[in-house]
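Worksheet: one structure, shown below.
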Amino acid sequence: YVDRRYEQLNMPLNHNPSSLGTASRPRQRRPSRWKGWVISILIFSFIVICAKPPPSDELSASTTSISLSSSTSKKKALAAGEVLVKCDFLTPFDDENNESSAKGTLLIIVHRSLAPLASNAFLDMVRNHHFDHIYLFRVVQGFIVQWGIESPKPVGEDNHKIKFPKVGIDPPPANNNGDTRRSNVRGTLNFAGGNSATGQVYINRGNNSRLDKDSGSLPFATLDEQSMAIVDSVYSYKEGMGQVQAVKKGDEEVKRLFPRMSRIEKCWIEDGLKYDIE
């Protein structure tokens with residue numbers, strides 16, 4: 001009886017009790033528990049070794065790569081609510097036709113989220129090619145550069161002038177916290193007199209923040225310093241010499257009287273942006 005009880009305690013779990021005492025089946029022994037613990041420890045150690053983090057130099061290189069990639073993408077992206085307009089710019093009749101002649105591409109960032117009424121009016125003019133083949137008829141050193149009066153189109157082109165509505169005035173920012181994008185400082189752009197119906201805009205060449213107090217005079221767009229370097233190179237004729245009349249008559253009159261007057265050849269909304277401009 002003692003021997004059979006001892007055997008029953010040490011038999012495997014799937015052992016059939018009815019076969020106890022049968023000589024044809026040898027007695028099976030349970031493996032020692034310490035072997036299972038050893039195997040478990042070995043497997044756990046292997047997992048820990050394989051899962052260790054990369055060396056610090058590899059981690060540093062990986063982090064640097066991610067940082068540089070993010071930095072590059074931020075430089076190329078506009079903020080939400082901003083639209084990029086480009087304008088090709090030259091001085092077509094300058095006899096010197098050298099490096100001193102104003103030319104290049106202006107980059108205008110329209111802040112539609114800050115001033116939606118004026119911004120949308122300006123973008124509508126760009127889409128309708130209002131600023132194509134437009135002369136800079138008013139250029140005042142340290143003050144402004146102004147354009148928007150249409151000249152007769154070359155023979156064969158549509159000379160129909162589009163009338164633009166006068167939009168409402170975007171309210172001034174409640175608290176600008178030092179943000180000068182809606183102040184008449186160097187590099188900002190606004191409608192002349194704050195009236196979109198004229199189709200005329202100006203760029204501040206200097207700090208003209210005194211204009212901020214006038215109704216509708218808060219800018220809605222900005223230019224970068226590279227674009228402002230082009231604006232600074234525009235030749236300045238003395239005001240009141242008949243520039244407006246010459247521009248209204250067309251290219252030949254401008255060439256005869258103001259050969260160093262600069263002109264915007266074409267403006268367009270830059271393609272490939274992530275922001276909806278419709």
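Identifiers in this document derive from the order of the structure tokens: chains are assigned A, B, ..., residues are numbered from 1 separately in each chain, and ligands are numbered from 1 in order of occurrence.
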Long-range neighbours of Asp124 of chain A as a PDB file with all heavy atoms, in the first residue's frame, 12 Å cut-off, only C-alpha atoms, 3 positions minimum in chain:
ATOM      1  N   VAL A  85       2.450  84.700 -53.361  1.00  0.00           N
ATOM      2  CA  VAL A  85       2.303  85.276 -54.695  1.00  0.00           C
ATOM      3  C   VAL A  85       3.685  85.697 -55.191  1.00  0.00           C
ATOM      4  O   VAL A  85       4.457  86.311 -54.450  1.00  0.00           O
ATOM      5  CB  VAL A  85       1.359  86.501 -54.673  1.00  0.00           C
ATOM      6  CG1 VAL A  85       1.368  87.220 -56.022  1.00  0.00           C
ATOM      7  CG2 VAL A  85      -0.054  86.064 -54.324  1.00  0.00           C
ATOM      8  N   PRO A 116      -8.666  88.736 -44.092  1.00  0.00           N
ATOM      9  CA  PRO A 116      -9.280  87.962 -45.179  1.00  0.00           C
ATOM     10  C   PRO A 116      -9.922  88.800 -46.267  1.00  0.00           C
ATOM     11  O   PRO A 116      -9.883  88.435 -47.446  1.00  0.00           O
ATOM     12  CB  PRO A 116     -10.316  87.104 -44.449  1.00  0.00           C
ATOM     13  CG  PRO A 116     -10.587  87.822 -43.157  1.00  0.00           C
ATOM     14  CD  PRO A 116      -9.303  88.466 -42.782  1.00  0.00           C
ATOM     15  N   LEU A 117     -10.518  89.938 -45.929  1.00  0.00           N
ATOM     16  CA  LEU A 117     -11.210  90.740 -46.934  1.00  0.00           C
ATOM     17  C   LEU A 117     -10.227  91.321 -47.953  1.00  0.00           C
ATOM     18  O   LEU A 117     -10.393  91.148 -49.168  1.00  0.00           O
ATOM     19  CB  LEU A 117     -12.002  91.861 -46.255  1.00  0.00           C
ATOM     20  CG  LEU A 117     -13.123  91.407 -45.309  1.00  0.00           C
ATOM     21  CD1 LEU A 117     -13.792  92.621 -44.654  1.00  0.00           C
ATOM     22  CD2 LEU A 117     -14.157  90.583 -46.060  1.00  0.00           C
ATOM     23  N   ALA A 118      -9.218  92.004 -47.466  1.00  0.00           N
ATOM     24  CA  ALA A 118      -8.223  92.599 -48.359  1.00  0.00           C
ATOM     25  C   ALA A 118      -7.417  91.525 -49.080  1.00  0.00           C
ATOM     26  O   ALA A 118      -7.107  91.653 -50.273  1.00  0.00           O
ATOM     27  CB  ALA A 118      -7.296  93.517 -47.562  1.00  0.00           C
ATOM     28  N   SER A 119      -7.081  90.450 -48.379  1.00  0.00           N
ATOM     29  CA  SER A 119      -6.281  89.384 -48.987  1.00  0.00           C
ATOM     30  C   SER A 119      -7.007  88.738 -50.152  1.00  0.00           C
ATOM     31  O   SER A 119      -6.436  88.533 -51.230  1.00  0.00           O
ATOM     32  CB  SER A 119      -5.944  88.319 -47.934  1.00  0.00           C
ATOM     33  OG  SER A 119      -5.137  88.859 -46.913  1.00  0.00           O
ATOM     34  N   ASN A 120      -8.273  88.404 -49.960  1.00  0.00           N
ATOM     35  CA  ASN A 120      -9.040  87.767 -51.025  1.00  0.00           C
ATOM     36  C   ASN A 120      -9.234  88.706 -52.213  1.00  0.00           C
ATOM     37  O   ASN A 120      -9.250  88.261 -53.365  1.00  0.00           O
ATOM     38  CB  ASN A 120     -10.387  87.291 -50.500  1.00  0.00           C
ATOM     39  CG  ASN A 120     -10.245  86.088 -49.583  1.00  0.00           C
ATOM     40  OD1 ASN A 120      -9.316  85.302 -49.718  1.00  0.00           O
ATOM     41  ND2 ASN A 120     -11.166  85.942 -48.641  1.00  0.00           N
ATOM     42  N   ALA A 121      -9.386  89.998 -51.945  1.00  0.00           N
ATOM     43  CA  ALA A 121      -9.514  90.964 -53.036  1.00  0.00           C
ATOM     44  C   ALA A 121      -8.222  91.012 -53.854  1.00  0.00           C
ATOM     45  O   ALA A 121      -8.259  91.036 -55.098  1.00  0.00           O
ATOM     46  CB  ALA A 121      -9.838  92.349 -52.467  1.00  0.00           C
ATOM     47  N   ARG A 127      -5.447  86.553 -59.895  1.00  0.00           N
ATOM     48  CA  ARG A 127      -6.049  85.527 -60.757  1.00  0.00           C
ATOM     49  C   ARG A 127      -6.558  86.122 -62.074  1.00  0.00           C
ATOM     50  O   ARG A 127      -6.548  85.464 -63.118  1.00  0.00           O
ATOM     51  CB  ARG A 127      -7.211  84.849 -60.036  1.00  0.00           C
ATOM     52  CG  ARG A 127      -6.812  84.021 -58.826  1.00  0.00           C
ATOM     53  CD  ARG A 127      -7.993  83.221 -58.305  1.00  0.00           C
ATOM     54  NE  ARG A 127      -7.687  82.615 -57.028  1.00  0.00           N
ATOM     55  CZ  ARG A 127      -8.032  83.114 -55.853  1.00  0.00           C
ATOM     56  NH1 ARG A 127      -8.705  84.251 -55.801  1.00  0.00           N
ATOM     57  NH2 ARG A 127      -7.713  82.503 -54.732  1.00  0.00           N
ATOM     58  N   ASN A 128      -7.002  87.379 -62.021  1.00  0.00           N
ATOM     59  CA  ASN A 128      -7.522  88.038 -63.218  1.00  0.00           C
ATOM     60  C   ASN A 128      -6.431  88.793 -63.981  1.00  0.00           C
ATOM     61  O   ASN A 128      -6.751  89.588 -64.877  1.00  0.00           O
ATOM     62  CB  ASN A 128      -8.654  88.998 -62.839  1.00  0.00           C
ATOM     63  CG  ASN A 128      -9.943  88.275 -62.517  1.00  0.00           C
ATOM     64  OD1 ASN A 128     -10.674  87.854 -63.417  1.00  0.00           O
ATOM     65  ND2 ASN A 128     -10.230  88.101 -61.234  1.00  0.00           N
ATOM     66  N   HIS A 129      -5.171  88.586 -63.606  1.00  0.00           N
ATOM     67  CA  HIS A 129      -4.007  89.154 -64.315  1.00  0.00           C
ATOM     68  C   HIS A 129      -4.006  90.686 -64.313  1.00  0.00           C
ATOM     69  O   HIS A 129      -3.465  91.312 -65.224  1.00  0.00           O
ATOM     70  CB  HIS A 129      -3.957  88.633 -65.762  1.00  0.00           C
ATOM     71  CG  HIS A 129      -4.012  87.145 -65.863  1.00  0.00           C
ATOM     72  ND1 HIS A 129      -2.935  86.340 -65.549  1.00  0.00           N
ATOM     73  CD2 HIS A 129      -5.027  86.302 -66.214  1.00  0.00           C
ATOM     74  CE1 HIS A 129      -3.265  85.076 -65.720  1.00  0.00           C
ATOM     75  NE2 HIS A 129      -4.528  85.015 -66.100  1.00  0.00           N
ATOM     76  N   HIS A 130      -4.624  91.262 -63.297  1.00  0.00           N
ATOM     77  CA  HIS A 130      -4.649  92.720 -63.224  1.00  0.00           C
ATOM     78  C   HIS A 130      -3.247  93.312 -63.075  1.00  0.00           C
ATOM     79  O   HIS A 130      -2.984  94.406 -63.592  1.00  0.00           O
ATOM     80  CB  HIS A 130      -5.527  93.148 -62.036  1.00  0.00           C
ATOM     81  CG  HIS A 130      -5.423  94.604 -61.701  1.00  0.00           C
ATOM     82  ND1 HIS A 130      -5.814  95.608 -62.565  1.00  0.00           N
ATOM     83  CD2 HIS A 130      -4.950  95.243 -60.580  1.00  0.00           C
ATOM     84  CE1 HIS A 130      -5.600  96.786 -62.004  1.00  0.00           C
ATOM     85  NE2 HIS A 130      -5.079  96.596 -60.812  1.00  0.00           N
ATOM     86  N   PHE A 131      -2.354  92.615 -62.394  1.00  0.00           N
ATOM     87  CA  PHE A 131      -1.022  93.169 -62.146  1.00  0.00           C
ATOM     88  C   PHE A 131       0.007  92.770 -63.201  1.00  0.00           C
ATOM     89  O   PHE A 131       1.194  93.041 -63.032  1.00  0.00           O
ATOM     90  CB  PHE A 131      -0.535  92.725 -60.756  1.00  0.00           C
ATOM     91  CG  PHE A 131      -1.384  93.235 -59.623  1.00  0.00           C
ATOM     92  CD1 PHE A 131      -2.073  92.356 -58.813  1.00  0.00           C
ATOM     93  CD2 PHE A 131      -1.506  94.591 -59.381  1.00  0.00           C
ATOM     94  CE1 PHE A 131      -2.860  92.804 -57.762  1.00  0.00           C
ATOM     95  CE2 PHE A 131      -2.297  95.064 -58.343  1.00  0.00           C
ATOM     96  CZ  PHE A 131      -2.982  94.175 -57.534  1.00  0.00           C
ATOM     97  N   ILE A 162     -10.970  95.389 -65.967  1.00  0.00           N
ATOM     98  CA  ILE A 162     -11.852  94.770 -64.983  1.00  0.00           C
ATOM     99  C   ILE A 162     -12.067  95.745 -63.829  1.00  0.00           C
ATOM    100  O   ILE A 162     -11.119  96.339 -63.316  1.00  0.00           O
ATOM    101  CB  ILE A 162     -11.255  93.457 -64.461  1.00  0.00           C
ATOM    102  CG1 ILE A 162     -11.050  92.484 -65.621  1.00  0.00           C
ATOM    103  CG2 ILE A 162     -12.152  92.833 -63.412  1.00  0.00           C
ATOM    104  CD1 ILE A 162     -10.363  91.209 -65.217  1.00  0.00           C
ATOM    105  N   LYS A 163     -13.314  95.910 -63.436  1.00  0.00           N
ATOM    106  CA  LYS A 163     -13.623  96.744 -62.272  1.00  0.00           C
ATOM    107  C   LYS A 163     -13.711  95.856 -61.034  1.00  0.00           C
ATOM    108  O   LYS A 163     -14.419  94.852 -61.024  1.00  0.00           O
ATOM    109  CB  LYS A 163     -14.941  97.497 -62.487  1.00  0.00           C
ATOM    110  CG  LYS A 163     -14.875  98.560 -63.564  1.00  0.00           C
ATOM    111  CD  LYS A 163     -16.175  99.346 -63.648  1.00  0.00           C
ATOM    112  CE  LYS A 163     -16.072 100.442 -64.692  1.00  0.00           C
ATOM    113  NZ  LYS A 163     -17.335 101.245 -64.780  1.00  0.00           N
ATOM    114  N   PHE A 164     -12.992  96.260 -60.019  1.00  0.00           N
ATOM    115  CA  PHE A 164     -12.967  95.483 -58.779  1.00  0.00           C
ATOM    116  C   PHE A 164     -13.785  96.198 -57.713  1.00  0.00           C
ATOM    117  O   PHE A 164     -13.755  97.429 -57.606  1.00  0.00           O
ATOM    118  CB  PHE A 164     -11.530  95.296 -58.300  1.00  0.00           C
ATOM    119  CG  PHE A 164     -10.677  94.515 -59.257  1.00  0.00           C
ATOM    120  CD1 PHE A 164      -9.814  95.162 -60.123  1.00  0.00           C
ATOM    121  CD2 PHE A 164     -10.752  93.135 -59.298  1.00  0.00           C
ATOM    122  CE1 PHE A 164      -9.034  94.452 -61.007  1.00  0.00           C
ATOM    123  CE2 PHE A 164      -9.981  92.411 -60.179  1.00  0.00           C
ATOM    124  CZ  PHE A 164      -9.119  93.070 -61.042  1.00  0.00           C
ATOM    125  N   PRO A 165     -14.510  95.443 -56.906  1.00  0.00           N
ATOM    126  CA  PRO A 165     -15.348  96.055 -55.864  1.00  0.00           C
ATOM    127  C   PRO A 165     -14.507  96.576 -54.697  1.00  0.00           C
ATOM    128  O   PRO A 165     -13.382  96.117 -54.481  1.00  0.00           O
ATOM    129  CB  PRO A 165     -16.246  94.900 -55.413  1.00  0.00           C
ATOM    130  CG  PRO A 165     -15.414  93.673 -55.666  1.00  0.00           C
ATOM    131  CD  PRO A 165     -14.629  93.964 -56.909  1.00  0.00           C
ATOM    132  N   VAL A 167     -13.956  96.374 -51.061  1.00  0.00           N
ATOM    133  CA  VAL A 167     -14.298  95.440 -49.983  1.00  0.00           C
ATOM    134  C   VAL A 167     -14.284  96.172 -48.646  1.00  0.00           C
ATOM    135  O   VAL A 167     -13.787  97.299 -48.528  1.00  0.00           O
ATOM    136  CB  VAL A 167     -13.304  94.251 -49.938  1.00  0.00           C
ATOM    137  CG1 VAL A 167     -13.340  93.495 -51.245  1.00  0.00           C
ATOM    138  CG2 VAL A 167     -11.886  94.730 -49.614  1.00  0.00           C
ATOM    139  N   SER A 196      -9.688  98.896 -52.134  1.00  0.00           N
ATOM    140  CA  SER A 196      -9.386  97.865 -53.122  1.00  0.00           C
ATOM    141  C   SER A 196      -9.936  98.193 -54.502  1.00  0.00           C
ATOM    142  O   SER A 196      -9.458  97.677 -55.517  1.00  0.00           O
ATOM    143  CB  SER A 196      -9.944  96.519 -52.653  1.00  0.00           C
ATOM    144  OG  SER A 196     -11.360  96.592 -52.515  1.00  0.00           O
ATOM    145  N   ALA A 197     -10.955  99.061 -54.560  1.00  0.00           N
ATOM    146  CA  ALA A 197     -11.588  99.381 -55.839  1.00  0.00           C
ATOM    147  C   ALA A 197     -10.635 100.093 -56.797  1.00  0.00           C
ATOM    148  O   ALA A 197     -10.828 100.042 -58.014  1.00  0.00           O
ATOM    149  CB  ALA A 197     -12.840 100.227 -55.611  1.00  0.00           C
ATOM    150  N   GLY A 199      -7.604  99.227 -57.330  1.00  0.00           N
ATOM    151  CA  GLY A 199      -6.713  98.241 -57.940  1.00  0.00           C
ATOM    152  C   GLY A 199      -5.249  98.580 -57.739  1.00  0.00           C
ATOM    153  O   GLY A 199      -4.372  97.934 -58.333  1.00  0.00           O
ATOM    154  N   CYS A 267       2.239  88.410 -62.373  1.00  0.00           N
ATOM    155  CA  CYS A 267       2.067  87.920 -60.998  1.00  0.00           C
ATOM    156  C   CYS A 267       1.226  86.657 -61.038  1.00  0.00           C
ATOM    157  O   CYS A 267       0.306  86.534 -61.849  1.00  0.00           O
ATOM    158  CB  CYS A 267       1.375  88.970 -60.116  1.00  0.00           C
ATOM    159  SG  CYS A 267       2.394  90.408 -59.705  1.00  0.00           S
ATOM    160  N   TRP A 268       1.533  85.735 -60.152  1.00  0.00           N
ATOM    161  CA  TRP A 268       0.761  84.493 -60.086  1.00  0.00           C
ATOM    162  C   TRP A 268       0.808  83.937 -58.672  1.00  0.00           C
ATOM    163  O   TRP A 268       1.695  84.237 -57.895  1.00  0.00           O
ATOM    164  CB  TRP A 268       1.306  83.454 -61.076  1.00  0.00           C
ATOM    165  CG  TRP A 268       2.666  82.911 -60.741  1.00  0.00           C
ATOM    166  CD1 TRP A 268       2.958  81.765 -60.072  1.00  0.00           C
ATOM    167  CD2 TRP A 268       3.940  83.511 -61.051  1.00  0.00           C
ATOM    168  NE1 TRP A 268       4.313  81.589 -59.952  1.00  0.00           N
ATOM    169  CE2 TRP A 268       4.944  82.655 -60.543  1.00  0.00           C
ATOM    170  CE3 TRP A 268       4.333  84.693 -61.706  1.00  0.00           C
ATOM    171  CZ2 TRP A 268       6.303  82.932 -60.665  1.00  0.00           C
ATOM    172  CZ3 TRP A 268       5.690  84.968 -61.828  1.00  0.00           C
ATOM    173  CH2 TRP A 268       6.651  84.091 -61.320  1.00  0.00           C
ATOM    174  N   ILE A 269      -0.197  83.121 -58.376  1.00  0.00           N
ATOM    175  CA  ILE A 269      -0.249  82.419 -57.098  1.00  0.00           C
ATOM    176  C   ILE A 269       0.572  81.151 -57.244  1.00  0.00           C
ATOM    177  O   ILE A 269       0.334  80.363 -58.161  1.00  0.00           O
ATOM    178  CB  ILE A 269      -1.694  82.100 -56.694  1.00  0.00           C
ATOM    179  CG1 ILE A 269      -2.482  83.409 -56.530  1.00  0.00           C
ATOM    180  CG2 ILE A 269      -1.736  81.289 -55.399  1.00  0.00           C
ATOM    181  CD1 ILE A 269      -3.968  83.213 -56.352  1.00  0.00           C
ATOM    182  N   ILE A 277      -6.614  78.036 -51.587  1.00  0.00           N
ATOM    183  CA  ILE A 277      -6.619  79.453 -51.961  1.00  0.00           C
ATOM    184  C   ILE A 277      -7.882  79.830 -52.691  1.00  0.00           C
ATOM    185  O   ILE A 277      -7.982  80.905 -53.244  1.00  0.00           O
ATOM    186  CB  ILE A 277      -5.385  79.783 -52.828  1.00  0.00           C
ATOM    187  CG1 ILE A 277      -5.398  78.932 -54.116  1.00  0.00           C
ATOM    188  CG2 ILE A 277      -4.110  79.609 -52.059  1.00  0.00           C
ATOM    189  CD1 ILE A 277      -4.277  79.285 -55.068  1.00  0.00           C
ATOM    190  N   GLU A 278      -8.818  78.939 -52.726  1.00  0.00           N
ATOM    191  CA  GLU A 278     -10.069  79.259 -53.418  1.00  0.00           C
ATOM    192  C   GLU A 278     -11.059  79.926 -52.461  1.00  0.00           C
ATOM    193  O   GLU A 278     -11.052  79.668 -51.277  1.00  0.00           O
ATOM    194  CB  GLU A 278     -10.658  77.977 -54.006  1.00  0.00           C
ATOM    195  CG  GLU A 278      -9.767  77.382 -55.097  1.00  0.00           C
ATOM    196  CD  GLU A 278      -9.568  78.320 -56.279  1.00  0.00           C
ATOM    197  OE1 GLU A 278     -10.493  79.094 -56.578  1.00  0.00           O
ATOM    198  OE2 GLU A 278      -8.483  78.267 -56.887  1.00  0.00           O
TER     199      GLU A 278
END
Residues within 9 Å of Leu114 of chain A, only C-alpha atoms, excluding chain neighbours under 5 positions, as JSON, numbers by chain = {"A": [81, 82, 119, 170, 172, 173, 181, 182, 220]}
key: 8 Å contact set for Arg186 of chain A, only C-alpha atoms, chain neighbours under 2 positions out, as a ChimeraX atom specification   = /A:184,188,203-208
Hey, which bits of segment 98-154 of chain A sit within 7 Å of segment 242-260 of chain A, and for each residue what's the closest pair of atoms and how far apart in Å (one decimal), counting only C-alpha atoms, rows by chain and increasing number, as JSON lines?
{"residue": "A:Tyr135", "atom": "CA", "partner": "A:Val247", "partner_atom": "CA", "distance": 6.8}
{"residue": "A:Phe137", "atom": "CA", "partner": "A:Gln243", "partner_atom": "CA", "distance": 5.7}
{"residue": "A:Glu150", "atom": "CA", "partner": "A:Lys248", "partner_atom": "CA", "distance": 6.6}
{"residue": "A:Ser151", "atom": "CA", "partner": "A:Lys248", "partner_atom": "CA", "distance": 4.9}
{"residue": "A:Pro152", "atom": "CA", "partner": "A:Gly250", "partner_atom": "CA", "distance": 5.5}
Could you save the residues just selected, with N, CA and C atoms, as an mmCIF file, in the first residue's frame?
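Result saved to part-v5.cif:
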data_model
loop_
_atom_site.group_PDB
_atom_site.id
_atom_site.type_symbol
_atom_site.label_atom_id
_atom_site.label_comp_id
_atom_site.auth_asym_id
_atom_site.auth_seq_id
_atom_site.Cartn_x
_atom_site.Cartn_y
_atom_site.Cartn_z
ATOM 1 N N TYR A 135 3.175 99.175 -64.539
ATOM 2 C CA TYR A 135 4.339 100.010 -64.207
ATOM 3 C C TYR A 135 4.282 100.499 -62.759
ATOM 4 N N PHE A 137 4.497 103.419 -61.042
ATOM 5 C CA PHE A 137 4.421 104.825 -61.443
ATOM 6 C C PHE A 137 4.811 105.789 -60.332
ATOM 7 N N GLU A 150 -3.537 100.479 -64.957
ATOM 8 C CA GLU A 150 -3.373 99.663 -66.163
ATOM 9 C C GLU A 150 -2.969 100.518 -67.358
ATOM 10 N N SER A 151 -2.095 99.943 -68.166
ATOM 11 C CA SER A 151 -1.706 100.549 -69.438
ATOM 12 C C SER A 151 -2.428 99.818 -70.567
ATOM 13 N N PRO A 152 -2.578 100.469 -71.741
ATOM 14 C CA PRO A 152 -3.183 99.760 -72.880
ATOM 15 C C PRO A 152 -2.373 98.504 -73.211
#
ask   = So which residues touch Lys213 of chain A within 12 Å, counting only C-alpha atoms, skipping near sequence neighbours fewer than 2 positions away, as a VMD selection string?
value = chain A and resid 172 182 to 184 193 to 194 208 to 211 215 to 219
Create the file for the chosen residues now, containing all heavy atoms and written as a JSON list (two decimals), in the first residue's frame.
[["chain", "number", "residue", "atom", "x", "y", "z"],
["A", 172, "PRO", "N", -8.56, 95.87, -37.10],
["A", 172, "PRO", "CA", -7.18, 95.76, -36.60],
["A", 172, "PRO", "C", -7.07, 94.63, -35.59],
["A", 172, "PRO", "O", -8.07, 94.25, -34.95],
["A", 172, "PRO", "CB", -6.93, 97.12, -35.96],
["A", 172, "PRO", "CG", -8.29, 97.62, -35.58],
["A", 172, "PRO", "CD", -9.22, 97.10, -36.64],
["A", 182, "ARG", "N", 0.74, 93.62, -39.76],
["A", 182, "ARG", "CA", -0.37, 94.49, -40.12],
["A", 182, "ARG", "C", -0.08, 95.94, -39.72],
["A", 182, "ARG", "O", -1.00, 96.72, -39.42],
["A", 182, "ARG", "CB", -1.67, 94.00, -39.47],
["A", 182, "ARG", "CG", -2.11, 92.63, -39.94],
["A", 182, "ARG", "CD", -3.61, 92.53, -39.99],
["A", 182, "ARG", "NE", -4.19, 93.50, -40.92],
["A", 182, "ARG", "CZ", -5.44, 93.97, -40.82],
["A", 182, "ARG", "NH1", -6.21, 93.58, -39.80],
["A", 182, "ARG", "NH2", -5.91, 94.82, -41.70],
["A", 183, "SER", "N", 1.18, 96.29, -39.81],
["A", 183, "SER", "CA", 1.60, 97.67, -39.56],
["A", 183, "SER", "C", 2.40, 98.15, -40.77],
["A", 183, "SER", "O", 3.04, 97.36, -41.47],
["A", 183, "SER", "CB", 2.45, 97.76, -38.29],
["A", 183, "SER", "OG", 2.89, 99.08, -38.07],
["A", 184, "ASN", "N", 2.34, 99.46, -41.03],
["A", 184, "ASN", "CA", 3.05, 100.02, -42.18],
["A", 184, "ASN", "C", 4.53, 100.19, -41.89],
["A", 184, "ASN", "O", 5.06, 101.31, -41.80],
["A", 184, "ASN", "CB", 2.42, 101.37, -42.56],
["A", 184, "ASN", "CG", 1.10, 101.21, -43.29],
["A", 184, "ASN", "OD1", 1.06, 100.99, -44.49],
["A", 184, "ASN", "ND2", 0.01, 101.29, -42.53],
["A", 193, "GLY", "N", -4.68, 103.94, -50.16],
["A", 193, "GLY", "CA", -5.83, 104.56, -49.52],
["A", 193, "GLY", "C", -6.73, 103.57, -48.82],
["A", 193, "GLY", "O", -7.84, 103.93, -48.40],
["A", 194, "GLY", "N", -6.30, 102.34, -48.70],
["A", 194, "GLY", "CA", -7.12, 101.30, -48.08],
["A", 194, "GLY", "C", -8.33, 100.93, -48.92],
["A", 194, "GLY", "O", -9.27, 100.32, -48.43],
["A", 208, "ASN", "N", 6.69, 103.42, -41.91],
["A", 208, "ASN", "CA", 5.62, 104.41, -42.05],
["A", 208, "ASN", "C", 4.46, 104.09, -41.13],
["A", 208, "ASN", "O", 3.28, 104.24, -41.50],
["A", 208, "ASN", "CB", 5.14, 104.45, -43.51],
["A", 208, "ASN", "CG", 6.28, 104.72, -44.48],
["A", 208, "ASN", "OD1", 7.08, 105.62, -44.26],
["A", 208, "ASN", "ND2", 6.34, 103.94, -45.55],
["A", 209, "SER", "N", 4.77, 103.64, -39.92],
["A", 209, "SER", "CA", 3.72, 103.21, -38.99],
["A", 209, "SER", "C", 2.76, 104.34, -38.64],
["A", 209, "SER", "O", 1.66, 104.08, -38.13],
["A", 209, "SER", "CB", 4.34, 102.65, -37.71],
["A", 209, "SER", "OG", 5.23, 103.58, -37.11],
["A", 210, "ARG", "N", 3.12, 105.59, -38.93],
["A", 210, "ARG", "CA", 2.20, 106.71, -38.69],
["A", 210, "ARG", "C", 0.93, 106.57, -39.53],
["A", 210, "ARG", "O", -0.11, 107.16, -39.20],
["A", 210, "ARG", "CB", 2.90, 108.03, -39.01],
["A", 210, "ARG", "CG", 3.28, 108.19, -40.48],
["A", 210, "ARG", "CD", 4.06, 109.47, -40.73],
["A", 210, "ARG", "NE", 4.39, 109.66, -42.14],
["A", 210, "ARG", "CZ", 5.41, 109.06, -42.74],
["A", 210, "ARG", "NH1", 6.22, 108.25, -42.05],
["A", 210, "ARG", "NH2", 5.66, 109.28, -44.03],
["A", 211, "LEU", "N", 1.01, 105.79, -40.62],
["A", 211, "LEU", "CA", -0.15, 105.59, -41.48],
["A", 211, "LEU", "C", -1.18, 104.65, -40.86],
["A", 211, "LEU", "O", -2.31, 104.56, -41.34],
["A", 211, "LEU", "CB", 0.28, 105.04, -42.85],
["A", 211, "LEU", "CG", 1.25, 105.89, -43.67],
["A", 211, "LEU", "CD1", 1.64, 105.15, -44.94],
["A", 211, "LEU", "CD2", 0.64, 107.25, -44.00],
["A", 215, "SER", "N", -7.95, 105.09, -41.70],
["A", 215, "SER", "CA", -8.92, 104.02, -41.92],
["A", 215, "SER", "C", -8.52, 103.14, -43.11],
["A", 215, "SER", "O", -8.25, 103.64, -44.20],
["A", 215, "SER", "CB", -10.30, 104.62, -42.16],
["A", 215, "SER", "OG", -11.25, 103.61, -42.43],
["A", 216, "GLY", "N", -8.51, 101.84, -42.88],
["A", 216, "GLY", "CA", -8.23, 100.89, -43.95],
["A", 216, "GLY", "C", -6.79, 100.79, -44.37],
["A", 216, "GLY", "O", -6.47, 100.14, -45.37],
["A", 217, "SER", "N", -5.89, 101.41, -43.62],
["A", 217, "SER", "CA", -4.50, 101.47, -44.07],
["A", 217, "SER", "C", -3.62, 100.36, -43.53],
["A", 217, "SER", "O", -2.42, 100.36, -43.75],
["A", 217, "SER", "CB", -3.88, 102.83, -43.66],
["A", 217, "SER", "OG", -3.78, 102.92, -42.25],
["A", 218, "LEU", "N", -4.18, 99.40, -42.82],
["A", 218, "LEU", "CA", -3.36, 98.32, -42.27],
["A", 218, "LEU", "C", -3.03, 97.29, -43.35],
["A", 218, "LEU", "O", -3.92, 96.79, -44.04],
["A", 218, "LEU", "CB", -4.08, 97.65, -41.10],
["A", 218, "LEU", "CG", -4.38, 98.54, -39.90],
["A", 218, "LEU", "CD1", -5.05, 97.74, -38.80],
["A", 218, "LEU", "CD2", -3.11, 99.20, -39.39],
["A", 219, "PRO", "N", -1.77, 96.97, -43.53],
["A", 219, "PRO", "CA", -1.35, 96.03, -44.58],
["A", 219, "PRO", "C", -1.92, 94.63, -44.39],
["A", 219, "PRO", "O", -2.39, 94.27, -43.32],
["A", 219, "PRO", "CB", 0.18, 96.03, -44.46],
["A", 219, "PRO", "CG", 0.51, 97.32, -43.78],
["A", 219, "PRO", "CD", -0.62, 97.56, -42.84]]
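Closest approach to Ile230 of chain A among A:Lys166, A:Lys103, A:Lys161, A:His133: A:Lys103, based on only C-alpha atoms.
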Residue with smallest distance to Val145 of chain A - pool A:Leu84, A:Ala79, A:Ala192, A:Ile39, counting only C-alpha atoms =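 Between A:Leu84, A:Ala79, A:Ala192, A:Ile39, the residue approaching Val145 of chain A most closely is A:Ala192.
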task = Find the distance between atom CA of His160 of chain A and atom CA of Asn190 of chain A and write it in Å to one decimal.
result =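 Atom CA of Asn190 of chain A lies 24.7 Å from atom CA of His160 of chain A.
Taking only C-alpha atoms into account, Ser262 of chain A lies nearest to A:Thr91 out of the set A:Gln146, A:Thr222, A:Gln141, A:Thr91.
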query = Got a sec: who's within 7 Å of Leu223 of chain A, counting only C-alpha atoms, leaving out chain neighbours fewer than 6 positions off, as a list in words?
reply = Leu107, Ile108, Ile109, Gly187 and Thr188 of chain A
